[in-house]
file data-v4.txt (compact mmCIF, C-alpha atoms)
# COMPACT_ATOMS: atom_id res chain seq x y z
CA MET A 1 85.89 45.52 -138.16
CA PRO A 2 88.08 43.32 -140.40
CA ALA A 3 86.33 41.16 -142.99
CA ALA A 4 85.96 37.47 -142.26
CA PRO A 5 88.51 35.29 -144.08
CA HIS A 6 87.37 33.53 -147.22
CA PRO A 7 86.41 29.90 -146.37
CA LEU A 8 88.97 28.56 -148.87
CA LEU A 9 91.71 29.78 -146.53
CA ALA A 10 90.73 27.13 -143.98
CA TYR A 11 91.38 24.40 -146.58
CA PHE A 12 94.83 25.78 -147.39
CA LEU A 13 95.79 26.10 -143.72
CA ALA A 14 94.51 22.62 -142.94
CA ALA A 15 96.57 21.24 -145.83
CA ALA A 16 99.64 23.00 -144.42
CA ASP A 17 99.02 21.00 -141.23
CA GLY A 18 98.62 17.75 -143.18
CA ARG A 19 94.82 17.64 -142.89
CA PHE A 20 92.88 17.18 -146.13
CA PRO A 21 89.28 16.80 -147.29
CA PRO A 22 88.01 13.22 -147.61
CA ALA A 23 89.15 11.44 -150.76
CA ASP A 24 85.56 10.77 -151.78
CA GLY A 25 85.57 12.06 -155.35
CA ARG A 26 83.26 14.93 -154.45
CA VAL A 27 83.42 18.69 -154.96
CA THR A 28 82.95 21.41 -152.35
CA VAL A 29 81.64 24.68 -153.78
CA LEU A 30 82.47 27.94 -151.96
CA PRO A 31 81.71 31.59 -152.80
CA PRO A 32 83.97 33.35 -155.34
CA LEU A 33 87.16 35.09 -154.29
CA PRO A 34 87.31 38.88 -153.94
CA GLY A 35 88.23 40.97 -156.96
CA GLY A 36 86.27 38.94 -159.49
CA LEU A 37 88.54 35.89 -159.25
CA GLU A 38 87.54 32.26 -158.97
CA CYS A 39 89.68 29.23 -158.18
CA SER A 40 89.63 25.48 -158.72
CA VAL A 41 91.76 23.57 -156.22
CA ALA A 42 92.36 19.82 -156.49
CA PHE A 43 93.37 17.87 -153.42
CA THR A 44 93.77 14.09 -153.42
CA GLY A 45 90.34 12.72 -154.33
CA HIS A 46 88.48 15.95 -153.54
CA ALA A 47 88.08 19.31 -155.27
CA VAL A 48 87.30 22.70 -153.74
CA LEU A 49 85.92 25.44 -156.00
CA ALA A 50 85.53 29.12 -155.19
CA THR A 51 82.97 30.18 -157.77
CA ALA A 52 79.70 32.04 -158.25
CA LEU A 53 78.25 29.03 -160.07
CA ASP A 54 75.94 26.92 -157.93
CA ALA A 55 76.70 23.30 -157.08
CA ARG A 56 74.18 21.93 -159.59
CA ARG A 57 75.81 23.74 -162.52
CA VAL A 58 79.27 22.70 -161.33
CA ALA A 59 78.21 19.04 -161.22
CA GLU A 60 76.47 19.22 -164.60
CA ALA A 61 79.65 20.63 -166.14
CA GLY A 62 81.59 17.50 -165.17
CA ALA A 63 83.61 18.53 -162.12
CA ASP A 64 84.66 15.81 -159.70
CA GLY A 65 87.35 15.17 -157.13
CA TYR A 66 89.39 12.88 -159.38
CA GLY A 67 90.78 15.49 -161.75
CA GLY A 68 87.61 16.66 -163.44
CA SER A 69 87.75 20.02 -161.66
CA LEU A 70 90.93 20.86 -163.61
CA ALA A 71 89.91 19.40 -166.96
CA PRO A 72 90.18 21.94 -169.81
CA ALA A 73 86.52 21.62 -170.80
CA PHE A 74 85.36 22.27 -167.24
CA LEU A 75 87.68 25.26 -166.79
CA LEU A 76 86.36 26.74 -170.04
CA HIS A 77 82.85 26.30 -168.71
CA LEU A 78 83.83 27.94 -165.42
CA ALA A 79 85.42 30.97 -167.09
CA GLY A 80 82.97 31.38 -169.95
CA PRO A 81 83.94 32.07 -173.57
CA ASP A 82 85.43 35.49 -172.81
CA GLY A 83 86.97 34.73 -169.42
CA TRP A 84 90.62 34.42 -168.38
CA ILE A 85 92.10 31.09 -167.25
CA GLY A 86 95.47 30.91 -165.54
CA VAL A 87 97.92 28.05 -165.72
CA THR A 88 97.65 24.87 -163.66
CA ASP A 89 100.07 25.19 -160.75
CA ALA A 90 101.24 22.82 -158.06
CA THR A 91 100.25 24.18 -154.64
CA LEU A 92 103.23 24.04 -152.27
CA THR A 93 103.55 25.00 -148.62
CA ALA A 94 106.26 25.48 -145.99
CA ARG A 95 106.68 27.25 -142.67
CA ALA A 96 108.55 30.52 -142.28
CA THR A 97 111.70 30.23 -140.20
CA GLY A 98 111.67 33.75 -138.77
CA GLY A 99 114.74 35.37 -137.26
CA PRO A 100 116.37 38.52 -138.59
CA PRO A 101 115.24 38.99 -142.23
CA ARG A 102 118.09 38.04 -144.55
CA LEU A 103 116.74 39.92 -147.59
CA ASP A 104 116.43 43.65 -148.14
CA THR A 105 113.15 45.26 -149.12
CA LEU A 106 113.40 46.60 -152.68
CA HIS A 107 111.55 49.55 -154.16
CA GLY A 108 110.90 50.95 -157.63
CA LEU A 109 110.35 47.55 -159.29
CA ASP A 110 106.68 47.85 -160.21
CA ASP A 111 107.55 47.44 -163.92
CA HIS A 112 109.39 44.16 -163.37
CA PRO A 113 107.36 41.30 -164.98
CA ARG A 114 107.37 39.19 -161.79
CA VAL A 115 106.17 42.15 -159.71
CA ARG A 116 103.53 43.19 -162.27
CA PHE A 117 102.20 39.63 -162.26
CA ALA A 118 101.98 39.61 -158.47
CA HIS A 119 100.13 42.94 -158.40
CA GLY A 120 97.66 41.67 -161.01
CA LEU A 121 96.40 38.76 -158.90
CA ARG A 122 97.49 39.44 -155.32
CA THR A 123 97.47 42.18 -152.70
CA ASP A 124 99.90 43.55 -150.12
CA VAL A 125 102.80 42.86 -152.46
CA THR A 126 106.31 43.60 -151.19
CA VAL A 127 109.55 42.90 -153.05
CA HIS A 128 112.75 41.60 -151.48
CA GLY A 129 116.06 40.39 -152.82
CA ASP A 130 119.71 41.02 -153.64
CA GLU A 131 122.19 40.31 -156.40
CA ARG A 132 120.84 36.73 -156.80
CA GLY A 133 117.26 37.67 -157.66
CA LEU A 134 114.02 38.91 -156.19
CA VAL A 135 111.20 37.51 -154.12
CA THR A 136 107.61 38.74 -153.99
CA LEU A 137 105.77 38.31 -150.73
CA ALA A 138 102.03 38.86 -151.03
CA THR A 139 98.56 37.99 -149.87
CA GLY A 140 97.36 35.38 -152.35
CA PRO A 141 94.09 33.52 -153.01
CA ALA A 142 91.72 33.47 -150.01
CA GLY A 143 94.21 35.46 -147.92
CA ARG A 144 97.07 32.98 -147.75
CA ARG A 145 100.64 34.34 -147.52
CA GLU A 146 102.48 33.54 -150.72
CA LEU A 147 105.99 33.66 -152.18
CA GLY A 148 107.17 34.10 -155.76
CA ILE A 149 110.79 34.03 -156.89
CA GLU A 150 112.84 35.00 -159.92
CA LEU A 151 116.61 34.82 -160.40
CA HIS A 152 118.44 37.57 -162.25
CA ASP A 153 120.54 35.11 -164.28
CA THR A 154 119.74 31.44 -164.91
CA ARG A 155 122.02 30.76 -167.88
CA ASP A 156 124.28 28.54 -165.77
CA GLY A 157 121.41 26.84 -163.96
CA GLY A 158 121.53 29.27 -161.07
CA HIS A 159 124.35 27.53 -159.15
CA GLY A 160 121.97 26.97 -156.21
CA HIS A 161 121.03 30.65 -156.01
CA GLY A 162 117.34 29.81 -156.16
CA ARG A 163 117.56 27.54 -153.14
CA SER A 164 119.61 29.98 -151.11
CA LEU A 165 117.27 32.83 -152.03
CA LEU A 166 114.24 30.78 -150.98
CA ARG A 167 115.82 29.85 -147.66
CA ASP A 168 116.49 33.53 -147.01
CA ALA A 169 112.92 34.39 -148.04
CA LEU A 170 111.63 32.10 -145.29
CA THR A 171 113.07 34.57 -142.75
CA LEU A 172 110.74 37.36 -143.89
CA LEU A 173 107.82 36.26 -141.68
CA PRO A 174 107.62 35.06 -138.06
CA ALA A 175 108.66 31.47 -137.44
CA GLY A 176 105.88 28.98 -138.06
CA THR A 177 103.81 31.19 -140.39
CA PRO A 178 102.34 29.02 -143.19
CA LEU A 179 103.66 30.14 -146.57
CA PHE A 180 102.43 29.00 -149.96
CA ALA A 181 103.74 28.99 -153.51
CA ALA A 182 102.05 28.23 -156.82
CA VAL A 183 104.61 26.64 -159.14
CA ALA A 184 104.03 25.39 -162.69
CA PRO A 185 105.06 21.70 -162.75
CA GLY A 186 106.79 22.22 -166.09
CA ASN A 187 109.14 24.71 -164.44
CA ALA A 188 111.12 21.78 -163.09
CA ARG A 189 114.12 23.86 -161.99
CA SER A 190 111.92 26.07 -159.81
CA LEU A 191 109.92 23.11 -158.51
CA ARG A 192 113.11 21.29 -157.47
CA ALA A 193 114.33 24.40 -155.65
CA PHE A 194 111.11 24.72 -153.65
CA LEU A 195 111.10 21.02 -152.76
CA ALA A 196 114.74 21.17 -151.69
CA CYS A 197 113.90 24.04 -149.31
CA GLY A 198 111.22 22.06 -147.51
CA PHE A 199 108.12 23.03 -149.45
CA THR A 200 105.57 20.21 -149.64
CA PRO A 201 103.02 19.65 -152.45
CA VAL A 202 99.46 19.67 -151.13
CA GLY A 203 97.40 19.94 -154.32
CA SER A 204 97.07 21.82 -157.58
CA GLU A 205 95.12 24.91 -158.58
CA VAL A 206 93.96 27.20 -161.35
CA LEU A 207 92.88 30.83 -160.95
CA LEU A 208 90.19 32.18 -163.26
CA ARG A 209 88.47 35.45 -164.00
CA PRO A 210 85.04 34.74 -165.52
CA GLY A 211 83.96 36.77 -168.49
CA GLN A 212 80.93 39.02 -168.67
CA SER A 213 79.01 36.56 -170.82
CA ARG A 214 78.84 33.91 -168.10
CA SER A 215 75.67 34.12 -166.07
CA ALA A 216 76.39 33.55 -162.40
CA GLY A 217 74.45 31.68 -159.79
CA SER A 218 75.07 31.42 -156.08
CA GLY A 219 77.83 29.24 -154.60
CA THR A 220 76.60 26.47 -152.27
CA PRO A 221 78.06 23.23 -150.92
CA LEU A 222 77.73 20.17 -153.16
call {"tool": "encode", "arguments": {"input": "data-v4.txt", "output": "structure tokens"}}
result
Amino acid sequence: MPAAPHPLLAYFLAAADGRFPPADGRVTVLPPLPGGLECSVAFTGHAVLATALDARRVAEAGADGYGGSLAPAFLLHLAGPDGWIGVTDATLTARATGGPPRLDTLHGLDDHPRVRFAHGLRTDVTVHGDERGLVTLATGPAGRRELGIELHDTRDGGHGHGRSLLRDALTLLPAGTPLFAAVAPGNARSLRAFLACGFTPVGSEVLLRPGQSRSAGSGTPL
């Protein structure tokens, strides 16, 4: 019998439909993600945390729905002194367009940095692409379907290759499937490409892997 989806997935899918938690400044605390990962997601005026810390410890550490859940001091508390903290990414979503897939499946690229990164944090990773670049399609945090992209040559700005590659990547899943991407806001070229291809910002997020020195409690709603 397949495992039940992580409850964070419902928040991502609702955001893809334009439905968001109340902008009440509060924090919802959910259980940690599989594989030892945790996640802090900021929506407008509301934060959702997937963590083993209980709601009392989350509140005492200064998390709130107005940005406090992504503050450096809080993330350090969440990860512990020997934990790993990822970068703050914009959470983007779009719908797959379906149709005949316009990108080939590629093999033998496990040593590529983009592919190694995907395998480190995601599951069910497949690689697609052509002479323009490559796309990773994977199961990301909480079970959402997620895209990553990297061009082979960006010295000339890409000449629109990123946008055309993303549009082709949207054919890899059945029409209407919600797809997500985590894009660093400072990577403005990539962010512009995603926005131009119909991806919509719905929040921001940080993945974490707590260290052994952090004592864990149970996750409960705040």
call {"tool": "atom_distance", "arguments": {"input": "data-v4.txt", "atom1": "atom CA of Gly211 of chain A", "atom2": "atom CA of Gly80 of chain A"}}
result
5.7 Å
call {"tool": "residues_around", "arguments": {"input": "data-v4.txt", "residues": "Leu151 of chain A", "least_positions_apart": "4", "cutoff": "8 Å", "atoms": "only C-alpha atoms", "output": "PDB file with C-alpha atoms, in the coordinates of the input"}}
result
ATOM      1  CA  ARG A 132     120.840  36.730-156.800  1.00  0.00           C
ATOM      2  CA  GLY A 133     117.260  37.670-157.660  1.00  0.00           C
ATOM      3  CA  LEU A 134     114.020  38.910-156.190  1.00  0.00           C
ATOM      4  CA  GLY A 158     121.530  29.270-161.070  1.00  0.00           C
ATOM      5  CA  HIS A 161     121.030  30.650-156.010  1.00  0.00           C
ATOM      6  CA  GLY A 162     117.340  29.810-156.160  1.00  0.00           C
TER       7      GLY A 162
END
call {"tool": "residues_around", "arguments": {"input": "data-v4.txt", "residues": "Asp104 of chain A", "least_positions_apart": "5", "cutoff": "10 Å", "atoms": "only C-alpha atoms", "output": "list of chain:residue names"}}
result
A:Val127, A:His128, A:Gly129, A:Asp130, A:Leu134, A:Ala169, A:Leu172
call {"tool": "residues_around", "arguments": {"input": "data-v4.txt", "residues": "Phe74 of chain A", "least_positions_apart": "4", "cutoff": "9 Å", "atoms": "all atoms listed in the file", "output": "MDAnalysis selection string"}}
result
chainID A and resid 58 61:63 68:70 78:79
call {"tool": "closest_atom_pairs", "arguments": {"input": "data-v4.txt", "of": "segment 79-176 of chain A", "to": "segment 9-29 of chain A", "cutoff": "9 Å", "atoms": "all atoms listed in the file", "output": "tab-separated table"}}
result
residue	atom	partner	partner_atom	distance
A:Leu92	CA	A:Ala16	CA	8.7
A:Thr93	CA	A:Ala16	CA	6.1
A:Ala94	CA	A:Ala16	CA	7.2
A:Arg95	CA	A:Ala16	CA	8.4
A:Pro141	CA	A:Leu9	CA	7.9
A:Ala142	CA	A:Leu9	CA	5.1
A:Gly143	CA	A:Leu9	CA	6.4
A:Arg144	CA	A:Leu9	CA	6.4
call {"tool": "residues_near_point", "arguments": {"input": "data-v4.txt", "point": "(100.1, 38.5, -159.4)", "cutoff": "12 Å", "atoms": "all atoms listed in the file", "output": "ChimeraX atom specification"}}
result
/A:37,86,110,112-126,136-141,146-149,181-182,207
call {"tool": "closest_residue", "arguments": {"input": "data-v4.txt", "among": "A:Leu30, A:Leu208, A:Ala96, A:Leu103", "to": "Leu75 of chain A", "atoms": "only C-alpha atoms"}}
result
A:Leu208
call {"tool": "atom_distance", "arguments": {"input": "data-v4.txt", "atom1": "atom CA of Arg192 of chain A", "atom2": "atom CA of Arg163 of chain A"}}
result
8.8 Å
call {"tool": "residues_around", "arguments": {"input": "data-v4.txt", "residues": "Ser213 of chain A", "least_positions_apart": "3", "cutoff": "9 Å", "atoms": "only C-alpha atoms", "output": "JSON, numbers by chain"}}
result
{"A": [80, 81, 82, 83, 210]}
